[in-house]
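Right, one structure below, let's go through it.
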There are 2 protein chains.
Amino acid sequence: VTVSELGERALLARIQAKLNATGRPPASLVVGIGDDAAVVASTRNAHTVITTDAQIEGVHFERKFSTPTNIGYRALTVNLSDLAAMGAVPRWALLSLAMRDDFPVADVEELVAGIAEGAAKYNTFVIGGNLTRITGPLIVDMTVMGEVKPRRALTRSGGRPGDALYVSGTVGGAAAGLEMLRAAPEGQGVSLGVPRTDGEHCIARYLRPEPRVRLGIAIAHARAARAAMDSSDGLADAAHQIADASGCGVEIDAAALPIEPAARAWWDAAGKDAVLQAMSGGDDYELVFAVPRGWSGRLRHVQSRVAEPSVTRIGTLTKDRGSRVLLRDGRRVAIPRGFEHF
Amino acid sequence: VTVSELGERALLARIQAKLNATGRPPASLVVGIGDDAAVVASTRNAHTVITTDAQIEGVHFERKFSTPTNIGYRALTVNLSDLAAMGAVPRWALLSLAMRDDFPVADVEELVAGIAEGAAKYNTFVIGGNLTRITGPLIVDMTVMGEVKPRRALTRSGGRPGDALYVSGTVGGAAAGLEMLRAAPEGQGVSLGVPRTDGEHCIARYLRPEPRVRLGIAIAHARAARAAMDSSDGLADAAHQIADASGCGVEIDAAALPIEPAARAWWDAAGKDAVLQAMSGGDDYELVFAVPRGWSGRLRHVQSRVAEPSVTRIGTLTKDRGSRVLLRDGRRVAIPRGFEHF
């Protein structure tokens, strides 16, 4: 059955049923799905944090690489990653879905189930959205809202010379996973140079990003960093952006980078430079953040409460604004440019 | 110059310049465009109202009928209409823009200028968004946030039997305007049966919807209605939706409908039933609302403060849930079904 055969109202009812499976709405939801707009009660002494990010077929995902469930999950979690990078607690989400007349209703239900899964995991409630026809690619555009205490939001611009630069988890896994998928969409490719399970881990990093929500909240709560962003467009991009916004230079030590082992093995086998690939590759959705001298005790406190993912010191913010140095085998080279969408 | 020739960062700078032309950001904006997410301070004792609506090339607009400025203006104002229908004061907007590599930068600038024009007119500030490539139609997906006092939001479900049903302004103008555009994209068509200026008025209703923001706010403030929605999908659709959500029937008097005179003339000349066309046609973005007996003094007070658009009583909510009656020349017929997007 296609969406146009089912009709808009019945489709909306199916979507609501999937979303309601995530549990009862919070008391602060005043008006949910089904009216002209949603209404929520604001939390006293909290700022509202809001972001939007679209997943577009053929640009951000391929139907042949990903299931509808994963597409939905990813559409939500990439947005939650932006909230995590601000140190915000997720609250609400809106779903704007554009699909062809002949899109199968079963796929819509799976896609919404993927969103519902991510929403349940990260305490987010879907309160509204929009359904529309398109004569073109599938589009899953989500907006998420969260909350942060005044003066606790982690911006990109708060870094100062001398701050240590950290990254959470590992880098390069998602970019290698995408290469593995492209090399062999049916999954055999993951055995090229890396054990199957490690390859599957990289692929999962690409297909189902896990936003660092607990870590971001804990860092903001403990004031353990004064600048942060997520590595959605790669570690190199994040380092450039934080340095640009903070009016600093940056130095990264290649030897310190927590490159995902399976990704390193994959690039080594392909004869590619694993350091450059891992720094340039996007989609890891780790947190990159600047920690002033003397705040490292706060960061240890954060890690005692949020053990996973671990965090790694990879470099330092420096005084010279234009400077973007990668220390490598005793040489100083330029940090590669980040990804541009255009 | 195309967007891919200019590059993402430079494009973003051009967009910000157009948006900043609308004036200084309100003091309650804590973090605006350029970070992982936007941060705003909430107003004490106000609920947050949020909605999203996408404009898609080939579905909601045609490049040959509309300028980039009008597409941008419309993308914002159709969202503001949803806020108006809740009685909310507009505050913030996010812009999610998907365009082809070869989209002209000049068109992006015009489109954003259209958004900025609407934002300035309706006191809305653009605080963030997302830019992405697409291999397909142009998509302008906007999310808007507003505020309403607790217990003042106008929902669809608040109507009760006996309430008078009103509509603001006139109906049918936008639908007739779209037909005029389709009949003669170059504009000569507007002289078919209607004076040129009247035709242009209908076309403008379609291309540049004006949300009933002041009226919606005034109605909510004065508690002059207890159910409302906008007529984005037509008057018939709004009547059905309010009756459905409120658990009522509805009776509309065809003779009372404030059909746009130029639209009536257009349909009369085409041998079409102007009443049915005006009720089924979408895109008017008027407010449809239910006023209990005894509250009409409050509504007169609202009209003394917001004279334009005028409001017209067109019918009554009734007890019989399933009943959807159009009174016409002494006969009782069914109200036509509303528009479904699928």
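As shown in the structure tokens, the chain order sets the letters A, B, ...; within each chain, residues go from 1, and ligands are also counted from 1 in the order they appear.
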Exercise for review: Dump as a list of chain:residue names the residues of chain B that approach chain A to within 6 Å, counting only C-alpha atoms.
Suggested key: B:Ser4, B:Gly7, B:Glu8, B:Asp36, B:Ala37, B:Ala38, B:Val39, B:Val40, B:Ala41, B:Ser42, B:His47, B:Thr48, B:Val49, B:Ile50, B:Thr51, B:Thr52, B:Asp53, B:Asp82, B:Gly129, B:Asn130, B:Gly136, B:Glu340, B:Phe342
Point to revise | alpha helix (DSSP H) positions in segment 145-334 of chain A, given as JSON, numbers by chain | key: {"A": [173, 174, 175, 176, 177, 178, 179, 180, 181, 182, 183, 196, 197, 198, 199, 200, 201, 202, 203, 204, 205, 206, 207, 213, 214, 215, 216, 217, 218, 219, 220, 221, 222, 235, 236, 237, 238, 239, 240, 241, 242, 243, 244, 245, 246, 261, 262, 263, 264, 265, 266, 267, 268, 269, 274, 275, 276, 277, 278, 279, 280, 296, 297, 298, 299, 300, 301, 302, 303, 304, 305]}
Review point. Do you know which residues are at most 9 Å from Gly249 of chain A counting only C-alpha atoms, after dropping those on the same chain fewer than 5 positions away, and could you put them as a PyMOL selection string?
Key: chain A and resi 161+240+243-244+316-325
Check your understanding: Residues at most 9 Å from Ala174 of chain B, counting only C-alpha atoms, excluding those fewer than 4 positions away in the same chain, as a list of chain:residue names?
Key -> B:Leu178, B:Glu179, B:His201, B:Cys202, B:Ile203, B:Ala204, B:Arg205, B:Tyr206, B:Leu207, B:Pro209, B:Ala263, B:Gly281, B:Gly282, B:Asp283, B:Asp284, B:Tyr285
How would the residues just picked look written out with N, CA, C and O atoms as a tab-separated table (two decimals), in the first residue's frame?
chain	number	residue	atom	x	y	z
B	178	LEU	N	-4.61	31.17	-8.19
B	178	LEU	CA	-3.79	30.08	-8.74
B	178	LEU	C	-4.33	29.65	-10.11
B	178	LEU	O	-3.55	29.44	-11.04
B	179	GLU	N	-5.66	29.58	-10.23
B	179	GLU	CA	-6.23	29.23	-11.54
B	179	GLU	C	-5.88	30.28	-12.59
B	179	GLU	O	-5.60	29.96	-13.74
B	201	HIS	N	-5.13	41.03	-7.42
B	201	HIS	CA	-5.35	40.87	-5.98
B	201	HIS	C	-5.45	39.38	-5.62
B	201	HIS	O	-4.84	38.92	-4.65
B	202	CYS	N	-6.21	38.62	-6.45
B	202	CYS	CA	-6.33	37.17	-6.19
B	202	CYS	C	-4.97	36.49	-6.31
B	202	CYS	O	-4.61	35.64	-5.49
B	203	ILE	N	-4.24	36.84	-7.34
B	203	ILE	CA	-2.92	36.22	-7.54
B	203	ILE	C	-2.00	36.53	-6.36
B	203	ILE	O	-1.28	35.66	-5.87
B	204	ALA	N	-2.06	37.76	-5.89
B	204	ALA	CA	-1.24	38.13	-4.73
B	204	ALA	C	-1.65	37.34	-3.49
B	204	ALA	O	-0.80	36.94	-2.69
B	205	ARG	N	-2.95	37.09	-3.35
B	205	ARG	CA	-3.40	36.28	-2.21
B	205	ARG	C	-2.74	34.90	-2.25
B	205	ARG	O	-2.41	34.34	-1.22
B	206	TYR	N	-2.62	34.36	-3.47
B	206	TYR	CA	-1.97	33.05	-3.59
B	206	TYR	C	-0.46	33.13	-3.38
B	206	TYR	O	0.11	32.34	-2.65
B	207	LEU	N	0.18	34.10	-4.03
B	207	LEU	CA	1.64	34.13	-4.03
B	207	LEU	C	2.24	34.66	-2.73
B	207	LEU	O	3.34	34.26	-2.35
B	209	PRO	N	0.80	35.11	0.83
B	209	PRO	CA	-0.24	35.05	1.87
B	209	PRO	C	0.12	35.96	3.04
B	209	PRO	O	1.29	36.04	3.43
B	263	ALA	N	-12.96	36.51	-7.34
B	263	ALA	CA	-12.96	35.06	-7.49
B	263	ALA	C	-14.33	34.59	-7.97
B	263	ALA	O	-14.45	33.74	-8.85
B	281	GLY	N	-11.31	25.48	-2.09
B	281	GLY	CA	-10.01	26.01	-2.47
B	281	GLY	C	-9.16	26.34	-1.25
B	281	GLY	O	-9.67	26.86	-0.25
B	282	GLY	N	-7.88	26.05	-1.33
B	282	GLY	CA	-7.00	26.31	-0.20
B	282	GLY	C	-6.26	27.63	-0.34
B	282	GLY	O	-6.57	28.46	-1.20
B	283	ASP	N	-5.28	27.82	0.54
B	283	ASP	CA	-4.28	28.89	0.45
B	283	ASP	C	-4.75	30.28	0.84
B	283	ASP	O	-4.02	31.26	0.64
B	284	ASP	N	-5.99	30.39	1.40
B	284	ASP	CA	-6.42	31.73	1.81
B	284	ASP	C	-5.74	32.20	3.09
B	284	ASP	O	-5.54	33.39	3.30
B	285	TYR	N	-5.44	31.24	3.98
B	285	TYR	CA	-4.80	31.56	5.27
B	285	TYR	C	-5.60	32.58	6.08
B	285	TYR	O	-5.07	33.48	6.71
